[in-house]
Structure formats: C-alpha cells, structure tokens
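input-v5.cif follows; it contains mmCIF, N, CA and C atoms.
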```cif
data_run
loop_
_atom_site.group_PDB
_atom_site.id
_atom_site.type_symbol
_atom_site.label_atom_id
_atom_site.label_comp_id
_atom_site.auth_asym_id
_atom_site.auth_seq_id
_atom_site.Cartn_x
_atom_site.Cartn_y
_atom_site.Cartn_z
ATOM 1 N N MET A 11 120.646 119.251 83.230
ATOM 2 C CA MET A 11 119.904 118.657 84.330
ATOM 3 C C MET A 11 120.655 118.968 85.620
ATOM 4 N N LYS A 12 119.930 119.391 86.610
ATOM 5 C CA LYS A 12 120.495 119.718 87.902
ATOM 6 C C LYS A 12 120.885 118.427 88.617
ATOM 7 N N LYS A 13 122.086 118.416 89.183
ATOM 8 C CA LYS A 13 122.543 117.226 89.890
ATOM 9 C C LYS A 13 122.323 117.395 91.385
ATOM 10 N N ILE A 14 121.660 116.409 91.957
ATOM 11 C CA ILE A 14 121.426 116.387 93.391
ATOM 12 C C ILE A 14 121.950 115.054 93.898
ATOM 13 N N ARG A 15 122.692 115.103 94.950
ATOM 14 C CA ARG A 15 123.241 113.868 95.507
ATOM 15 C C ARG A 15 122.485 113.548 96.791
ATOM 16 N N LYS A 16 121.967 112.317 96.850
ATOM 17 C CA LYS A 16 121.276 111.828 98.043
ATOM 18 C C LYS A 16 121.929 110.522 98.452
ATOM 19 N N ASP A 17 122.132 110.365 99.721
ATOM 20 C CA ASP A 17 122.632 109.091 100.237
ATOM 21 C C ASP A 17 121.447 108.251 100.671
ATOM 22 N N ILE A 18 121.450 107.004 100.259
ATOM 23 C CA ILE A 18 120.382 106.097 100.646
ATOM 24 C C ILE A 18 120.962 105.137 101.673
ATOM 25 N N ARG A 19 120.537 105.304 102.887
ATOM 26 C CA ARG A 19 121.027 104.449 103.963
ATOM 27 C C ARG A 19 120.125 103.233 104.110
ATOM 28 N N GLY A 20 120.711 102.148 104.547
ATOM 29 C CA GLY A 20 119.909 100.982 104.859
ATOM 30 C C GLY A 20 119.764 99.992 103.719
ATOM 31 N N LEU A 21 120.282 100.315 102.528
ATOM 32 C CA LEU A 21 120.232 99.359 101.423
ATOM 33 C C LEU A 21 121.382 98.373 101.588
ATOM 34 N N ASP A 22 121.058 97.116 101.540
ATOM 35 C CA ASP A 22 122.139 96.143 101.656
ATOM 36 C C ASP A 22 122.786 95.900 100.295
ATOM 37 N N GLU A 23 123.915 95.247 100.323
ATOM 38 C CA GLU A 23 124.686 95.033 99.106
ATOM 39 C C GLU A 23 123.936 94.172 98.094
ATOM 40 N N ASP A 24 123.155 93.203 98.569
ATOM 41 C CA ASP A 24 122.381 92.346 97.666
ATOM 42 C C ASP A 24 121.373 93.165 96.858
ATOM 43 N N THR A 25 120.720 94.088 97.519
ATOM 44 C CA THR A 25 119.742 94.939 96.829
ATOM 45 C C THR A 25 120.425 95.777 95.760
ATOM 46 N N LEU A 26 121.560 96.345 96.096
ATOM 47 C CA LEU A 26 122.300 97.147 95.115
ATOM 48 C C LEU A 26 122.775 96.295 93.943
ATOM 49 N N ASN A 27 123.165 95.056 94.218
ATOM 50 C CA ASN A 27 123.583 94.156 93.135
ATOM 51 C C ASN A 27 122.413 93.841 92.201
ATOM 52 N N VAL A 28 121.236 93.634 92.770
ATOM 53 C CA VAL A 28 120.048 93.384 91.941
ATOM 54 C C VAL A 28 119.775 94.584 91.037
ATOM 55 N N ILE A 29 119.880 95.773 91.598
ATOM 56 C CA ILE A 29 119.651 96.994 90.813
ATOM 57 C C ILE A 29 120.680 97.103 89.692
ATOM 58 N N GLU A 30 121.951 96.866 90.011
ATOM 59 C CA GLU A 30 123.020 96.933 89.006
ATOM 60 C C GLU A 30 122.790 95.914 87.891
ATOM 61 N N GLN A 31 122.428 94.679 88.256
ATOM 62 C CA GLN A 31 122.206 93.633 87.257
ATOM 63 C C GLN A 31 121.020 93.973 86.356
ATOM 64 N N TYR A 32 119.935 94.447 86.949
ATOM 65 C CA TYR A 32 118.763 94.797 86.141
ATOM 66 C C TYR A 32 119.084 95.962 85.212
ATOM 67 N N ALA A 33 119.840 96.930 85.711
ATOM 68 C CA ALA A 33 120.216 98.077 84.882
ATOM 69 C C ALA A 33 121.048 97.622 83.694
ATOM 70 N N GLN A 34 121.952 96.693 83.920
ATOM 71 C CA GLN A 34 122.776 96.182 82.813
ATOM 72 C C GLN A 34 121.902 95.477 81.773
ATOM 73 N N LYS A 35 120.941 94.662 82.253
ATOM 74 C CA LYS A 35 120.040 93.975 81.326
ATOM 75 C C LYS A 35 119.204 94.976 80.529
ATOM 76 N N ALA A 36 118.805 96.055 81.180
ATOM 77 C CA ALA A 36 117.968 97.064 80.523
ATOM 78 C C ALA A 36 118.795 98.011 79.665
ATOM 79 N N GLY A 37 120.111 97.938 79.765
ATOM 80 C CA GLY A 37 120.975 98.792 78.957
ATOM 81 C C GLY A 37 121.059 100.221 79.442
ATOM 82 N N VAL A 38 120.896 100.407 80.728
ATOM 83 C CA VAL A 38 121.005 101.745 81.319
ATOM 84 C C VAL A 38 121.934 101.661 82.524
ATOM 85 N N THR A 39 122.303 102.821 83.025
ATOM 86 C CA THR A 39 123.118 102.825 84.237
ATOM 87 C C THR A 39 122.216 102.667 85.453
ATOM 88 N N ALA A 40 122.817 102.271 86.554
ATOM 89 C CA ALA A 40 122.051 102.124 87.790
ATOM 90 C C ALA A 40 121.460 103.458 88.214
ATOM 91 N N ASN A 41 122.191 104.536 88.000
ATOM 92 C CA ASN A 41 121.680 105.867 88.355
ATOM 93 C C ASN A 41 120.451 106.224 87.530
ATOM 94 N N GLU A 42 120.495 105.933 86.224
ATOM 95 C CA GLU A 42 119.335 106.213 85.372
ATOM 96 C C GLU A 42 118.131 105.381 85.804
ATOM 97 N N LEU A 43 118.387 104.113 86.125
ATOM 98 C CA LEU A 43 117.302 103.247 86.572
ATOM 99 C C LEU A 43 116.695 103.760 87.865
ATOM 100 N N LEU A 44 117.541 104.104 88.823
ATOM 101 C CA LEU A 44 117.043 104.627 90.106
ATOM 102 C C LEU A 44 116.306 105.944 89.911
ATOM 103 N N ARG A 45 116.827 106.813 89.041
ATOM 104 C CA ARG A 45 116.164 108.102 88.790
ATOM 105 C C ARG A 45 114.776 107.869 88.196
ATOM 106 N N GLU A 46 114.679 106.928 87.253
ATOM 107 C CA GLU A 46 113.389 106.623 86.635
ATOM 108 C C GLU A 46 112.416 106.029 87.657
ATOM 109 N N LEU A 47 112.903 105.119 88.488
ATOM 110 C CA LEU A 47 112.050 104.513 89.507
ATOM 111 C C LEU A 47 111.549 105.548 90.503
ATOM 112 N N ILE A 48 112.428 106.423 90.944
ATOM 113 C CA ILE A 48 112.031 107.453 91.917
ATOM 114 C C ILE A 48 111.044 108.433 91.289
ATOM 115 N N THR A 49 111.276 108.796 90.031
ATOM 116 C CA THR A 49 110.354 109.703 89.327
ATOM 117 C C THR A 49 108.976 109.064 89.188
ATOM 118 N N ASP A 50 108.947 107.784 88.780
ATOM 119 C CA ASP A 50 107.670 107.075 88.655
ATOM 120 C C ASP A 50 106.951 106.985 89.996
ATOM 121 N N TYR A 51 107.692 106.727 91.051
ATOM 122 C CA TYR A 51 107.092 106.621 92.382
ATOM 123 C C TYR A 51 106.513 107.965 92.817
ATOM 124 N N ALA A 52 107.231 109.050 92.537
ATOM 125 C CA ALA A 52 106.729 110.388 92.885
ATOM 126 C C ALA A 52 105.435 110.686 92.127
ATOM 127 N N LYS A 53 105.368 110.276 90.848
ATOM 128 C CA LYS A 53 104.138 110.483 90.070
ATOM 129 C C LYS A 53 102.979 109.695 90.664
ATOM 130 N N ARG A 54 103.254 108.463 91.098
ATOM 131 C CA ARG A 54 102.186 107.656 91.711
ATOM 132 C C ARG A 54 101.686 108.308 92.992
ATOM 133 N N ILE A 55 102.596 108.861 93.777
ATOM 134 C CA ILE A 55 102.180 109.554 95.007
ATOM 135 C C ILE A 55 101.258 110.720 94.656
ATOM 136 N N GLN A 56 101.617 111.497 93.640
ATOM 137 C CA GLN A 56 100.781 112.624 93.225
ATOM 138 C C GLN A 56 99.424 112.146 92.733
ATOM 139 N N GLU A 57 99.397 111.056 91.985
ATOM 140 C CA GLU A 57 98.131 110.525 91.490
ATOM 141 C C GLU A 57 97.250 110.038 92.631
ATOM 142 N N ILE A 58 97.852 109.402 93.627
ATOM 143 C CA ILE A 58 97.088 108.924 94.782
ATOM 144 C C ILE A 58 96.482 110.101 95.533
ATOM 145 N N GLU A 59 97.272 111.148 95.734
ATOM 146 C CA GLU A 59 96.761 112.336 96.428
ATOM 147 C C GLU A 59 95.622 112.979 95.639
ATOM 148 N N ALA A 60 95.784 113.049 94.316
ATOM 149 C CA ALA A 60 94.733 113.637 93.483
ATOM 150 C C ALA A 60 93.471 112.782 93.520
ATOM 151 N N SER A 61 93.640 111.464 93.504
ATOM 152 C CA SER A 61 92.462 110.596 93.519
ATOM 153 C C SER A 61 91.727 110.680 94.849
ATOM 154 N N GLU A 62 92.455 110.905 95.948
ATOM 155 C CA GLU A 62 91.784 111.063 97.243
ATOM 156 C C GLU A 62 90.901 112.301 97.241
ATOM 157 N N ILE A 63 91.386 113.369 96.620
ATOM 158 C CA ILE A 63 90.585 114.593 96.525
ATOM 159 C C ILE A 63 89.351 114.330 95.661
ATOM 160 N N LEU A 64 89.551 113.644 94.522
ATOM 161 C CA LEU A 64 88.424 113.344 93.638
ATOM 162 C C LEU A 64 87.414 112.427 94.309
ATOM 163 N N HIS A 65 87.899 111.470 95.097
ATOM 164 C CA HIS A 65 86.979 110.564 95.786
ATOM 165 C C HIS A 65 86.073 111.334 96.739
ATOM 166 N N ALA A 66 86.624 112.343 97.403
ATOM 167 C CA ALA A 66 85.800 113.139 98.313
ATOM 168 C C ALA A 66 84.685 113.846 97.536
ATOM 169 N N TYR A 67 85.028 114.423 96.373
ATOM 170 C CA TYR A 67 84.007 115.090 95.553
ATOM 171 C C TYR A 67 82.980 114.091 95.035
ATOM 172 N N ILE A 68 83.448 112.926 94.608
ATOM 173 C CA ILE A 68 82.530 111.906 94.096
ATOM 174 C C ILE A 68 81.596 111.433 95.198
ATOM 175 N N ASP A 69 82.132 111.242 96.410
ATOM 176 C CA ASP A 69 81.284 110.840 97.532
ATOM 177 C C ASP A 69 80.209 111.885 97.808
ATOM 178 N N ASP A 70 80.580 113.167 97.738
ATOM 179 C CA ASP A 70 79.594 114.239 97.931
ATOM 180 C C ASP A 70 78.516 114.190 96.849
ATOM 181 N N LEU A 71 78.925 113.956 95.599
ATOM 182 C CA LEU A 71 77.946 113.875 94.506
ATOM 183 C C LEU A 71 77.006 112.685 94.686
ATOM 184 N N ILE A 72 77.549 111.555 95.110
ATOM 185 C CA ILE A 72 76.714 110.370 95.334
ATOM 186 C C ILE A 72 75.710 110.634 96.438
ATOM 187 N N GLU A 73 76.169 111.272 97.512
ATOM 188 C CA GLU A 73 75.259 111.583 98.628
ATOM 189 C C GLU A 73 74.153 112.533 98.175
ATOM 190 N N ALA A 74 74.512 113.561 97.407
ATOM 191 C CA ALA A 74 73.512 114.507 96.917
ATOM 192 C C ALA A 74 72.523 113.813 95.977
ATOM 193 N N ASN A 75 73.025 112.927 95.137
ATOM 194 C CA ASN A 75 72.150 112.191 94.219
ATOM 195 C C ASN A 75 71.194 111.284 94.995
ATOM 196 N N ASN A 76 71.688 110.630 96.019
ATOM 197 C CA ASN A 76 70.822 109.766 96.836
ATOM 198 C C ASN A 76 69.722 110.578 97.528
ATOM 199 N N ARG A 77 70.091 111.767 98.027
ATOM 200 C CA ARG A 77 69.076 112.624 98.650
ATOM 201 C C ARG A 77 68.034 113.062 97.637
ATOM 202 N N LEU A 78 68.474 113.363 96.416
ATOM 203 C CA LEU A 78 67.545 113.762 95.359
ATOM 204 C C LEU A 78 66.580 112.624 95.034
ATOM 205 N N ILE A 79 67.081 111.425 94.909
ATOM 206 C CA ILE A 79 66.230 110.267 94.618
ATOM 207 C C ILE A 79 65.237 110.028 95.751
ATOM 208 N N GLN A 80 65.726 110.143 96.989
ATOM 209 C CA GLN A 80 64.832 109.949 98.132
ATOM 210 C C GLN A 80 63.726 111.004 98.133
ATOM 211 N N THR A 81 64.080 112.234 97.831
ATOM 212 C CA THR A 81 63.085 113.307 97.775
ATOM 213 C C THR A 81 62.075 113.054 96.659
ATOM 214 N N GLN A 82 62.543 112.607 95.499
ATOM 215 C CA GLN A 82 61.622 112.304 94.401
ATOM 216 C C GLN A 82 60.678 111.172 94.771
ATOM 217 N N ASN A 83 61.196 110.157 95.440
ATOM 218 C CA ASN A 83 60.340 109.046 95.875
ATOM 219 C C ASN A 83 59.266 109.531 96.849
ATOM 220 N N GLU A 84 59.664 110.382 97.784
ATOM 221 C CA GLU A 84 58.695 110.920 98.747
ATOM 222 C C GLU A 84 57.662 111.787 98.035
ATOM 223 N N ASN A 85 58.103 112.587 97.085
ATOM 224 C CA ASN A 85 57.168 113.418 96.319
ATOM 225 C C ASN A 85 56.184 112.566 95.532
ATOM 226 N N THR A 86 56.664 111.469 94.967
ATOM 227 C CA THR A 86 55.785 110.566 94.223
ATOM 228 C C THR A 86 54.708 110.005 95.133
ATOM 229 N N LEU A 87 55.092 109.615 96.349
ATOM 230 C CA LEU A 87 54.102 109.113 97.303
ATOM 231 C C LEU A 87 53.074 110.180 97.656
ATOM 232 N N VAL A 88 53.535 111.391 97.892
ATOM 233 C CA VAL A 88 52.628 112.483 98.249
ATOM 234 C C VAL A 88 51.679 112.781 97.093
ATOM 235 N N ILE A 89 52.206 112.815 95.875
ATOM 236 C CA ILE A 89 51.354 113.082 94.714
ATOM 237 C C ILE A 89 50.338 111.958 94.544
ATOM 238 N N GLY A 90 50.746 110.711 94.772
ATOM 239 C CA GLY A 90 49.808 109.591 94.690
ATOM 240 C C GLY A 90 48.696 109.707 95.707
ATOM 241 N N GLU A 91 49.041 110.065 96.946
ATOM 242 C CA GLU A 91 48.013 110.245 97.980
ATOM 243 C C GLU A 91 47.093 111.401 97.622
ATOM 244 N N LEU A 92 47.662 112.473 97.089
ATOM 245 C CA LEU A 92 46.859 113.624 96.680
ATOM 246 C C LEU A 92 45.905 113.227 95.546
ATOM 247 N N ALA A 93 46.372 112.447 94.607
ATOM 248 C CA ALA A 93 45.517 111.997 93.505
ATOM 249 C C ALA A 93 44.371 111.144 94.038
ATOM 250 N N LYS A 94 44.648 110.278 95.020
ATOM 251 C CA LYS A 94 43.578 109.464 95.615
ATOM 252 C C LYS A 94 42.530 110.354 96.272
ATOM 253 N N LYS A 95 42.963 111.387 96.986
ATOM 254 C CA LYS A 95 42.019 112.303 97.648
ATOM 255 C C LYS A 95 41.172 113.039 96.608
ATOM 256 N N ILE A 96 41.817 113.477 95.526
ATOM 257 C CA ILE A 96 41.076 114.196 94.476
ATOM 258 C C ILE A 96 40.022 113.281 93.867
ATOM 259 N N ILE A 97 40.388 112.038 93.601
ATOM 260 C CA ILE A 97 39.427 111.081 93.029
ATOM 261 C C ILE A 97 38.286 110.817 94.007
ATOM 262 N N GLU A 98 38.597 110.676 95.290
ATOM 263 C CA GLU A 98 37.547 110.486 96.304
ATOM 264 C C GLU A 98 36.596 111.662 96.315
ATOM 265 N N ARG A 99 37.135 112.882 96.241
ATOM 266 C CA ARG A 99 36.283 114.081 96.232
ATOM 267 C C ARG A 99 35.434 114.140 94.975
ATOM 268 N N LEU A 100 36.055 113.797 93.845
ATOM 269 C CA LEU A 100 35.288 113.810 92.596
ATOM 270 C C LEU A 100 34.152 112.798 92.660
ATOM 271 N N ASP A 101 34.441 111.622 93.225
ATOM 272 C CA ASP A 101 33.383 110.615 93.365
ATOM 273 C C ASP A 101 32.281 111.115 94.293
ATOM 274 N N PHE A 102 32.647 111.879 95.309
ATOM 275 C CA PHE A 102 31.656 112.396 96.252
ATOM 276 C C PHE A 102 30.795 113.457 95.601
ATOM 277 N N TYR A 103 31.452 114.399 94.902
ATOM 278 C CA TYR A 103 30.701 115.511 94.306
ATOM 279 C C TYR A 103 30.090 115.165 92.959
ATOM 280 N N LEU A 104 30.676 114.241 92.246
ATOM 281 C CA LEU A 104 30.133 113.837 90.947
ATOM 282 C C LEU A 104 29.858 112.331 90.993
ATOM 283 N N PRO A 105 28.784 111.956 91.640
ATOM 284 C CA PRO A 105 28.510 110.509 91.741
ATOM 285 C C PRO A 105 28.253 109.907 90.368
ATOM 286 N N LYS A 106 28.497 108.629 90.284
ATOM 287 C CA LYS A 106 28.300 107.920 89.024
ATOM 288 C C LYS A 106 26.798 107.860 88.735
ATOM 289 N N GLU A 107 26.420 108.012 87.511
ATOM 290 C CA GLU A 107 25.016 108.046 87.143
ATOM 291 C C GLU A 107 24.484 106.709 86.750
#
```

Mind converting the file's structure to structure tokens?
Amino acid sequence: MKKIRKDIRGLDEDTLNVIEQYAQKAGVTANELLRELITDYAKRIQEIEASEILHAYIDDLIEANNRLIQTQNENTLVIGELAKKIIERLDFYLPKE
C-alpha cells in the first residue's frame, strides 16, 4: 500500500482523543479508522455526483413522458370530435327510417 502523509490542521485535541478512544474500542488503530472514514466519505461523494447525473436523466425522461401523455390526451380529444362529426354526417346522409 502506498503511504501518503497528510497533515490535518484545525483538529483540536478533544476530537483526536475521541478518535483514539473509538479506534481502541473497535480494535483498530486511529490511522486505520481515519483511512476507513476518509475512504467511505470519498465513496459517498462519488455516489452523490453519480446520482446528480442520474437525476438529470430521470428529469428528462419524466418531462418527455409528460409531453407524451399530454399529446395522447389531445389526440383523444381530436379523435372524439372527429367521431362526433362523422356520426353527424352519417345521420345527415343516412337518416333514420
């Protein structure tokens, strides 16, 4: 495993003590705990970025689906009006006996 050293500025001693105590309870070193936490956080960042991309695609699909439904509704109205006109014409040309 490649070793990289990073200094974390701004952490107070109490925070570091909490990390050390939790690591001891978990049976790992503080470095292992911090490495695992940072790795998990990086994965969450990647998942959030991926979900934002997927949300954009899903929004586009929803918009396209809504337009399709609206078009079908309009077509249904037009076909209904056309059917009424056809029936009116049939009644005119083929009167009831």

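Taking atom C of Gly37 of chain A as the reference point, atom C of Asp24 of chain A is found at 18.8 Å.
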
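Atom N of Leu44 of chain A is positioned 13.6 Å from atom N of Arg15 of chain A.
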
> So how far away is atom C of Glu84 of chain A from atom C of Phe102 of chain A, in Å?
Replying inline: 27.0 Å

Using the chain letters and numbers from this file, what does the PyMOL selection byres (((chain A and resi 43 and name CA) around 12) and name CA) select? Give the answer as a short mmCIF file (atom, residue, chain, number, x, y, z; two decimals) with N, CA and C atoms, keeping the file's coordinate frame.
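Result went into selection.cif, see below:
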```cif
data_model
loop_
_atom_site.label_atom_id
_atom_site.label_comp_id
_atom_site.auth_asym_id
_atom_site.auth_seq_id
_atom_site.Cartn_x
_atom_site.Cartn_y
_atom_site.Cartn_z
N LEU A 26 121.56 96.34 96.10
CA LEU A 26 122.30 97.15 95.12
C LEU A 26 122.78 96.30 93.94
N VAL A 28 121.24 93.63 92.77
CA VAL A 28 120.05 93.38 91.94
C VAL A 28 119.78 94.58 91.04
N ILE A 29 119.88 95.77 91.60
CA ILE A 29 119.65 96.99 90.81
C ILE A 29 120.68 97.10 89.69
N GLU A 30 121.95 96.87 90.01
CA GLU A 30 123.02 96.93 89.01
C GLU A 30 122.79 95.91 87.89
N GLN A 31 122.43 94.68 88.26
CA GLN A 31 122.21 93.63 87.26
C GLN A 31 121.02 93.97 86.36
N TYR A 32 119.94 94.45 86.95
CA TYR A 32 118.76 94.80 86.14
C TYR A 32 119.08 95.96 85.21
N ALA A 33 119.84 96.93 85.71
CA ALA A 33 120.22 98.08 84.88
C ALA A 33 121.05 97.62 83.69
N GLN A 34 121.95 96.69 83.92
CA GLN A 34 122.78 96.18 82.81
C GLN A 34 121.90 95.48 81.77
N LYS A 35 120.94 94.66 82.25
CA LYS A 35 120.04 93.98 81.33
C LYS A 35 119.20 94.98 80.53
N ALA A 36 118.80 96.06 81.18
CA ALA A 36 117.97 97.06 80.52
C ALA A 36 118.80 98.01 79.67
N GLY A 37 120.11 97.94 79.76
CA GLY A 37 120.98 98.79 78.96
C GLY A 37 121.06 100.22 79.44
N VAL A 38 120.90 100.41 80.73
CA VAL A 38 121.00 101.74 81.32
C VAL A 38 121.93 101.66 82.52
N THR A 39 122.30 102.82 83.02
CA THR A 39 123.12 102.82 84.24
C THR A 39 122.22 102.67 85.45
N ALA A 40 122.82 102.27 86.55
CA ALA A 40 122.05 102.12 87.79
C ALA A 40 121.46 103.46 88.21
N ASN A 41 122.19 104.54 88.00
CA ASN A 41 121.68 105.87 88.36
C ASN A 41 120.45 106.22 87.53
N GLU A 42 120.50 105.93 86.22
CA GLU A 42 119.34 106.21 85.37
C GLU A 42 118.13 105.38 85.80
N LEU A 44 117.54 104.10 88.82
CA LEU A 44 117.04 104.63 90.11
C LEU A 44 116.31 105.94 89.91
N ARG A 45 116.83 106.81 89.04
CA ARG A 45 116.16 108.10 88.79
C ARG A 45 114.78 107.87 88.20
N GLU A 46 114.68 106.93 87.25
CA GLU A 46 113.39 106.62 86.64
C GLU A 46 112.42 106.03 87.66
N LEU A 47 112.90 105.12 88.49
CA LEU A 47 112.05 104.51 89.51
C LEU A 47 111.55 105.55 90.50
N ILE A 48 112.43 106.42 90.94
CA ILE A 48 112.03 107.45 91.92
C ILE A 48 111.04 108.43 91.29
N THR A 49 111.28 108.80 90.03
CA THR A 49 110.35 109.70 89.33
C THR A 49 108.98 109.06 89.19
N ASP A 50 108.95 107.78 88.78
CA ASP A 50 107.67 107.08 88.66
C ASP A 50 106.95 106.98 90.00
#
```

>> Residues of chain A classed as helix (DSSP H, G or I) by DSSP on the backbone are to be reported as a PyMOL selection string.
In response: chain A and resi 23-36+40-103

Draw an axis-aligned box tight on the listed atoms of segment 84-97 of chain A, then pad every side by 5 Å and write out centre and edge lengths in Å to one decimal as AutoDock Vina command-line options.
```
--center_x 49.0 --center_y 111.7 --center_z 95.9 --size_x 31.4 --size_y 15.1 --size_z 15.7
```
